[in-house]
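With mmCIF, C-alpha atoms inside, this is model24.cif:
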```
data_start
loop_
_atom_site.label_atom_id
_atom_site.label_comp_id
_atom_site.auth_asym_id
_atom_site.auth_seq_id
_atom_site.Cartn_x
_atom_site.Cartn_y
_atom_site.Cartn_z
CA MET X 245 0.00 0.00 0.00
CA LYS X 246 1.32 3.43 -0.92
CA ASN X 247 1.89 6.08 1.69
CA ASN X 248 -0.63 8.47 0.07
CA SER X 249 -3.39 5.87 0.55
CA LEU X 250 -2.77 5.80 4.29
CA SER X 251 -4.39 8.23 6.69
CA ASN X 252 -2.18 10.67 8.55
CA LEU X 253 -2.78 8.79 11.80
CA GLN X 254 -1.79 5.47 10.17
CA GLN X 255 1.38 7.03 8.80
CA ARG X 256 2.18 8.53 12.22
CA VAL X 257 1.71 5.18 13.96
CA ILE X 258 3.75 3.15 11.45
CA THR X 259 6.58 5.69 11.27
CA GLY X 260 6.51 6.14 15.05
CA LEU X 261 6.75 2.41 15.77
CA LEU X 262 9.54 1.80 13.25
CA GLY X 263 11.42 4.89 14.43
CA ALA X 264 11.04 3.95 18.09
CA LEU X 265 12.29 0.42 17.39
CA LEU X 266 15.35 1.77 15.57
CA MET X 267 16.14 4.31 18.26
CA VAL X 268 15.66 1.99 21.22
CA THR X 269 17.83 -0.65 19.55
CA GLY X 270 20.53 1.91 18.84
CA MET X 271 20.51 3.24 22.39
CA VAL X 272 20.39 -0.12 24.16
CA TYR X 273 22.77 -2.16 22.00
CA SER X 274 26.02 -0.36 22.86
CA ALA X 275 27.65 3.00 23.49
CA TRP X 276 28.89 3.07 19.91
CA SER X 277 25.49 2.35 18.38
CA PHE X 278 24.08 5.18 20.50
CA GLY X 279 26.82 7.50 19.25
CA ILE X 280 26.36 6.58 15.59
CA LEU X 281 22.57 6.90 15.83
CA PHE X 282 22.58 10.41 17.30
CA PHE X 283 25.53 11.50 15.18
CA LEU X 284 23.41 10.76 12.09
CA ILE X 285 20.38 12.46 13.62
CA THR X 286 22.49 15.54 14.44
CA ILE X 287 23.96 16.04 10.98
CA LEU X 288 20.67 15.26 9.22
CA ALA X 289 18.70 17.62 11.48
CA THR X 290 21.28 20.39 11.03
CA HIS X 291 21.22 19.83 7.27
CA GLU X 292 17.43 20.07 7.40
CA PHE X 293 17.62 23.36 9.33
CA TYR X 294 19.88 24.94 6.72
CA LYS X 295 17.64 23.75 3.88
CA LEU X 296 14.70 25.44 5.57
CA VAL X 297 16.34 28.82 6.07
CA ARG X 298 17.47 28.80 2.42
CA LEU X 299 13.79 28.70 1.41
CA ASP X 300 13.49 32.27 2.68
CA GLY X 301 16.34 33.52 0.49
CA ASN X 302 19.08 33.17 3.09
CA ASN X 303 22.47 31.68 2.31
CA PRO X 304 24.09 30.12 5.39
CA LEU X 305 27.29 28.11 5.05
CA HIS X 306 25.33 24.90 4.76
CA TRP X 307 28.07 22.32 4.48
CA LEU X 308 30.57 23.94 6.83
CA GLY X 309 27.86 24.26 9.47
CA THR X 310 26.89 20.60 9.02
CA ILE X 311 30.51 19.42 9.23
CA VAL X 312 31.12 21.47 12.38
CA SER X 313 27.92 20.05 13.85
CA GLY X 314 29.17 16.51 13.35
CA MET X 315 32.49 17.42 14.96
CA VAL X 316 30.75 19.04 17.94
CA PHE X 317 28.63 15.95 18.52
CA MET X 318 31.51 13.48 18.23
CA GLY X 319 33.78 15.72 20.29
CA THR X 320 31.32 15.84 23.17
CA TYR X 321 30.72 12.09 22.78
CA TRP X 322 34.42 11.34 23.21
CA VAL X 323 34.76 13.81 26.10
CA ALA X 324 31.73 12.38 27.92
CA SER X 325 33.01 8.82 27.41
CA GLY X 326 36.49 9.71 28.65
CA SER X 327 38.18 9.04 25.30
CA LEU X 328 39.18 12.66 24.72
CA GLU X 329 40.40 15.49 26.92
CA THR X 330 38.12 18.50 27.06
CA LYS X 331 40.87 20.82 25.78
CA TYR X 332 40.65 19.30 22.29
CA LEU X 333 37.13 20.69 21.86
CA THR X 334 38.81 24.07 21.36
CA LEU X 335 39.79 22.90 17.86
CA ILE X 336 36.19 23.51 16.84
CA PHE X 337 36.42 27.28 17.40
CA PRO X 338 38.95 27.98 14.60
CA LEU X 339 36.59 26.17 12.25
CA LEU X 340 33.73 28.38 13.40
CA SER X 341 35.88 31.44 12.71
CA LEU X 342 36.12 30.34 9.08
CA VAL X 343 32.46 31.36 8.72
CA PHE X 344 33.49 35.03 8.93
CA LEU X 345 36.46 34.62 6.59
CA ILE X 346 34.46 32.79 3.93
CA LYS X 347 31.66 35.34 3.99
CA LEU X 348 34.26 38.13 3.75
CA TYR X 349 35.13 36.93 0.24
CA LYS X 350 31.51 36.42 -0.88
CA LYS X 351 29.50 39.26 -2.37
CA GLU X 352 26.19 39.25 -0.52
CA GLN X 353 23.72 41.93 0.50
CA LYS X 354 23.30 40.67 4.06
CA PRO X 355 26.38 38.60 4.96
CA PHE X 356 25.87 38.86 8.71
CA VAL X 357 22.33 37.50 8.44
CA ASN X 358 23.78 34.41 6.76
CA ILE X 359 26.57 34.22 9.34
CA ALA X 360 23.93 34.38 12.07
CA PHE X 361 21.89 31.58 10.50
CA THR X 362 25.02 29.44 10.18
CA PHE X 363 25.67 29.76 13.92
CA LEU X 364 21.99 29.40 14.77
CA GLY X 365 21.87 25.95 13.18
CA ILE X 366 24.67 24.85 15.50
CA ILE X 367 23.22 26.51 18.59
CA TYR X 368 19.59 25.47 18.02
CA VAL X 369 20.13 21.91 16.76
CA THR X 370 23.65 20.67 17.42
CA PHE X 371 24.34 21.81 20.97
CA PRO X 372 21.12 20.32 22.45
CA LEU X 373 21.61 16.96 20.71
CA SER X 374 25.28 16.90 21.76
CA LEU X 375 24.26 17.39 25.40
CA LEU X 376 22.58 13.98 25.25
CA ASN X 377 26.08 12.54 25.55
CA PHE X 378 26.32 13.90 29.10
CA ILE X 379 23.01 12.22 29.92
CA ALA X 380 24.08 8.90 28.39
CA PHE X 381 27.47 8.82 30.15
CA GLU X 382 27.63 9.07 33.93
CA ASN X 383 31.20 9.34 35.22
CA GLN X 384 32.36 8.24 31.75
CA VAL X 385 30.31 5.02 31.93
CA PHE X 386 27.58 4.52 29.34
CA ASN X 387 24.10 3.98 30.77
CA TYR X 388 21.35 3.48 28.21
CA GLN X 389 18.62 3.57 30.86
CA ILE X 390 18.61 7.32 31.47
CA VAL X 391 18.89 8.52 27.88
CA SER X 392 16.37 5.99 26.55
CA GLY X 393 14.11 6.74 29.53
CA CYS X 394 14.10 10.42 28.59
CA LEU X 395 13.01 9.47 25.08
CA PHE X 396 10.21 7.28 26.49
CA LEU X 397 9.04 10.23 28.60
CA LEU X 398 9.10 12.50 25.55
CA TRP X 399 7.17 10.00 23.45
CA GLY X 400 4.67 9.57 26.27
CA SER X 401 4.21 13.33 26.49
CA ASP X 402 3.79 13.69 22.72
CA THR X 403 1.36 10.76 22.49
CA GLY X 404 -0.76 11.92 25.44
CA ALA X 405 -0.86 15.47 24.10
CA TYR X 406 -1.83 14.31 20.59
CA PHE X 407 -4.74 12.10 21.62
CA ALA X 408 -6.02 14.35 24.42
CA GLY X 409 -5.73 17.37 22.17
CA THR X 410 -7.55 15.81 19.20
CA THR X 411 -10.38 14.34 21.29
CA LEU X 412 -10.82 16.85 24.13
CA GLY X 413 -8.94 19.97 23.06
CA LYS X 414 -11.00 23.17 23.36
CA LYS X 415 -8.99 25.77 25.29
CA LYS X 416 -6.15 27.06 23.12
CA LEU X 417 -2.70 26.99 24.66
CA PHE X 418 -0.88 29.42 22.38
CA GLU X 419 -3.16 30.14 19.45
CA ARG X 420 -0.98 32.84 17.91
CA ILE X 421 1.82 30.35 17.27
CA SER X 422 0.14 26.94 17.20
CA PRO X 423 -3.68 27.00 16.75
CA LYS X 424 -4.02 23.24 17.31
CA LYS X 425 -2.33 23.10 20.71
CA SER X 426 -4.63 23.07 23.72
CA TRP X 427 -4.45 23.02 27.50
CA GLU X 428 -6.23 19.66 27.42
CA GLY X 429 -3.43 18.31 25.23
CA LEU X 430 -0.81 19.67 27.63
CA PHE X 431 -2.42 17.96 30.62
CA GLY X 432 -2.90 14.76 28.61
CA GLY X 433 0.79 14.75 27.82
CA PHE X 434 1.68 15.43 31.43
CA ILE X 435 -0.47 12.57 32.74
CA LEU X 436 0.86 9.97 30.29
CA SER X 437 4.44 11.13 30.78
CA LEU X 438 4.01 10.82 34.55
CA ILE X 439 2.63 7.29 34.14
CA VAL X 440 5.68 6.43 32.02
CA ALA X 441 7.94 7.88 34.75
CA PHE X 442 6.41 5.57 37.37
CA MET X 443 6.78 2.58 35.03
CA LEU X 444 10.40 3.44 34.30
CA SER X 445 11.23 3.55 38.02
CA TYR X 446 10.41 -0.16 38.23
CA PHE X 447 12.48 -1.27 35.23
CA TYR X 448 15.19 1.40 35.04
CA VAL X 449 16.65 1.47 38.54
CA SER X 450 19.73 3.59 37.78
CA ILE X 451 17.99 6.61 39.27
CA PRO X 452 15.20 6.89 41.89
CA LEU X 453 11.55 7.65 41.22
CA TRP X 454 11.78 11.32 42.18
CA LYS X 455 14.35 11.93 39.45
CA TRP X 456 12.14 10.30 36.85
CA VAL X 457 9.29 12.56 37.98
CA VAL X 458 11.49 15.67 37.69
CA LEU X 459 12.69 14.56 34.26
CA SER X 460 9.07 14.05 33.25
CA LEU X 461 8.12 17.58 34.37
CA LEU X 462 11.09 19.10 32.55
CA ILE X 463 10.26 17.22 29.36
CA VAL X 464 6.57 18.18 29.40
CA ILE X 465 7.21 21.87 30.09
CA CYS X 466 10.36 22.39 28.02
CA GLY X 467 9.22 20.01 25.30
CA THR X 468 5.98 21.97 24.87
CA TYR X 469 7.91 25.21 24.56
CA GLY X 470 10.30 23.50 22.16
CA ASP X 471 7.37 22.54 19.97
CA LEU X 472 6.09 26.14 20.06
CA VAL X 473 9.53 27.53 19.19
CA GLU X 474 9.75 25.24 16.18
CA SER X 475 6.23 26.24 15.15
CA LEU X 476 7.29 29.89 15.36
CA PHE X 477 10.33 29.07 13.23
CA LYS X 478 8.24 27.34 10.56
CA ARG X 479 5.61 30.08 10.55
CA SER X 480 8.32 32.68 9.97
CA LEU X 481 9.35 30.70 6.87
CA ASN X 482 5.74 29.96 5.85
CA VAL X 483 6.22 26.17 5.80
CA LYS X 484 4.04 23.46 7.34
CA ASP X 485 6.66 20.76 8.04
CA SER X 486 10.42 20.96 8.43
CA GLY X 487 10.86 18.11 5.95
CA THR X 488 9.39 14.92 4.46
CA LEU X 489 11.79 12.32 5.84
CA LEU X 490 9.29 10.89 8.33
CA PRO X 491 5.83 10.18 6.81
CA GLY X 492 3.07 11.48 9.07
CA HIS X 493 5.56 13.38 11.22
CA GLY X 494 7.31 15.68 8.76
CA GLY X 495 11.04 16.14 9.23
CA LEU X 496 13.53 15.44 11.98
CA LEU X 497 13.06 18.90 13.47
CA ASP X 498 9.33 18.19 13.73
CA ARG X 499 10.02 14.94 15.57
CA PHE X 500 12.76 16.18 17.89
CA ASP X 501 11.63 19.77 18.51
CA GLY X 502 10.69 19.00 22.11
CA LEU X 503 14.07 17.40 22.74
CA LEU X 504 16.00 20.40 21.40
CA LEU X 505 14.74 22.71 24.13
CA SER X 506 14.47 20.15 26.94
CA SER X 507 17.88 18.46 26.63
CA PRO X 508 19.86 21.42 28.10
CA PHE X 509 17.63 21.29 31.19
CA LEU X 510 17.78 17.48 31.38
CA ALA X 511 21.56 17.40 31.06
CA THR X 512 22.03 20.17 33.63
CA PHE X 513 19.73 18.42 36.09
CA MET X 514 21.48 15.06 35.68
CA VAL X 515 24.99 16.50 35.96
CA LEU X 516 24.15 18.59 39.04
CA THR X 517 22.45 15.68 40.84
CA GLN X 518 25.09 13.00 40.18
#
```
Just give me the structure as structure tokens.
Amino acid sequence: MKNNSLSNLQQRVITGLLGALLMVTGMVYSAWSFGILFFLITILATHEFYKLVRLDGNNPLHWLGTIVSGMVFMGTYWVASGSLETKYLTLIFPLLSLVFLIKLYKKEQKPFVNIAFTFLGIIYVTFPLSLLNFIAFENQVFNYQIVSGCLFLLWGSDTGAYFAGTTLGKKKLFERISPKKSWEGLFGGFILSLIVAFMLSYFYVSIPLWKWVVLSLLIVICGTYGDLVESLFKRSLNVKDSGTLLPGHGGLLDRFDGLLLSSPFLATFMVLTQ
């Protein structure tokens, strides 16, 4: 059966199940499979970001930004795993400086707008995904439970919000940015995410229940804002989806928008409470 003969919900479910299976396998199998999985997600999501901003007539340094993004992710992966000293991350900054030098030799009307978008792709997409390395590695030891648990909480929040919003949603949450989002959806996401947190505490015993509850709250609140931020970004470019890679879900930025804003808070919380 072709994708266009499937309903949007069917496409969402099929893509979601296959994607979840791939991601869980990658996170659980080994530290290296986790690294490869999120390295690919990082460079593809950054590439997707640059493609989007080019639709509005901007000209960021697409490939340099994507290459630097891959280096940032792998650099933080090796630092978090204890394979690389932190000082070597400074090698990334000379590469970032090349953005100014390259644009100096290009004739453009608004070079600093394009410079800004080049850096924004790294700040908005790459840094948050790279921080997952500090969640996955605790004292340089890989622990799939916490990082995969955070993804389960996010999926629970998204699923609860989707079904509660579509069936019960009446009171708009932030109509100016996202007309479909509702307070009922927010509470639905919170309830299902909290249920997932309690379930995780029984199977993933690396951290106590109270930490899972805090992670759940951070994911629901920050993830919701992350979704709104990405909606604002897409509205400013007049596009519906960030891409077409994931049928029923859009692009990678559509699927991981909640993670982009929540991961800095999750990583900070986990590092400070070790």
Query - Ala511 (chain X) surroundings by only C-alpha atoms, 10 Å radius, close-in-sequence under 3 positions cut, as a PyMOL selection string - result: chain X and resi 372+375-380+391+459+506-508+514-517
Requested in this report: For CA of Leu505 (chain X) and CA of Gly467 (chain X), quote the distance in Å rounded to one decimal.
Outcome: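 Separating CA of Leu505 (chain X) from CA of Gly467 (chain X) is a distance of 6.3 Å.
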Mind running region 360-444 of chain X against region 342-353 of chain X at 12 Å and telling me each contacting residue's nearest atom pair with the distance in Å (one decimal), counting all atoms listed in the file, chain and number ascending, as JSON lines?
```
{"residue": "X:Ala360", "atom": "CA", "partner": "X:Val343", "partner_atom": "CA", "distance": 9.6}
{"residue": "X:Phe361", "atom": "CA", "partner": "X:Val343", "partner_atom": "CA", "distance": 10.7}
{"residue": "X:Thr362", "atom": "CA", "partner": "X:Val343", "partner_atom": "CA", "distance": 7.8}
{"residue": "X:Phe363", "atom": "CA", "partner": "X:Val343", "partner_atom": "CA", "distance": 8.7}
```
Query raised in the report: Just how far from CA of Ile311 (chain X) is CA of Leu339 (chain X), in Å to one decimal?
Result: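 These atoms are spaced 9.6 Å apart.
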Report task. Name the residues that the PyMOL selection byres ((chain X and resi 393) around 10) picks from the file above, as a ChimeraX atom specification, using the file's chain letters and numbers. Result -> /X:268,388-392,394-399,440-441,444-445,447-448,456,459-460
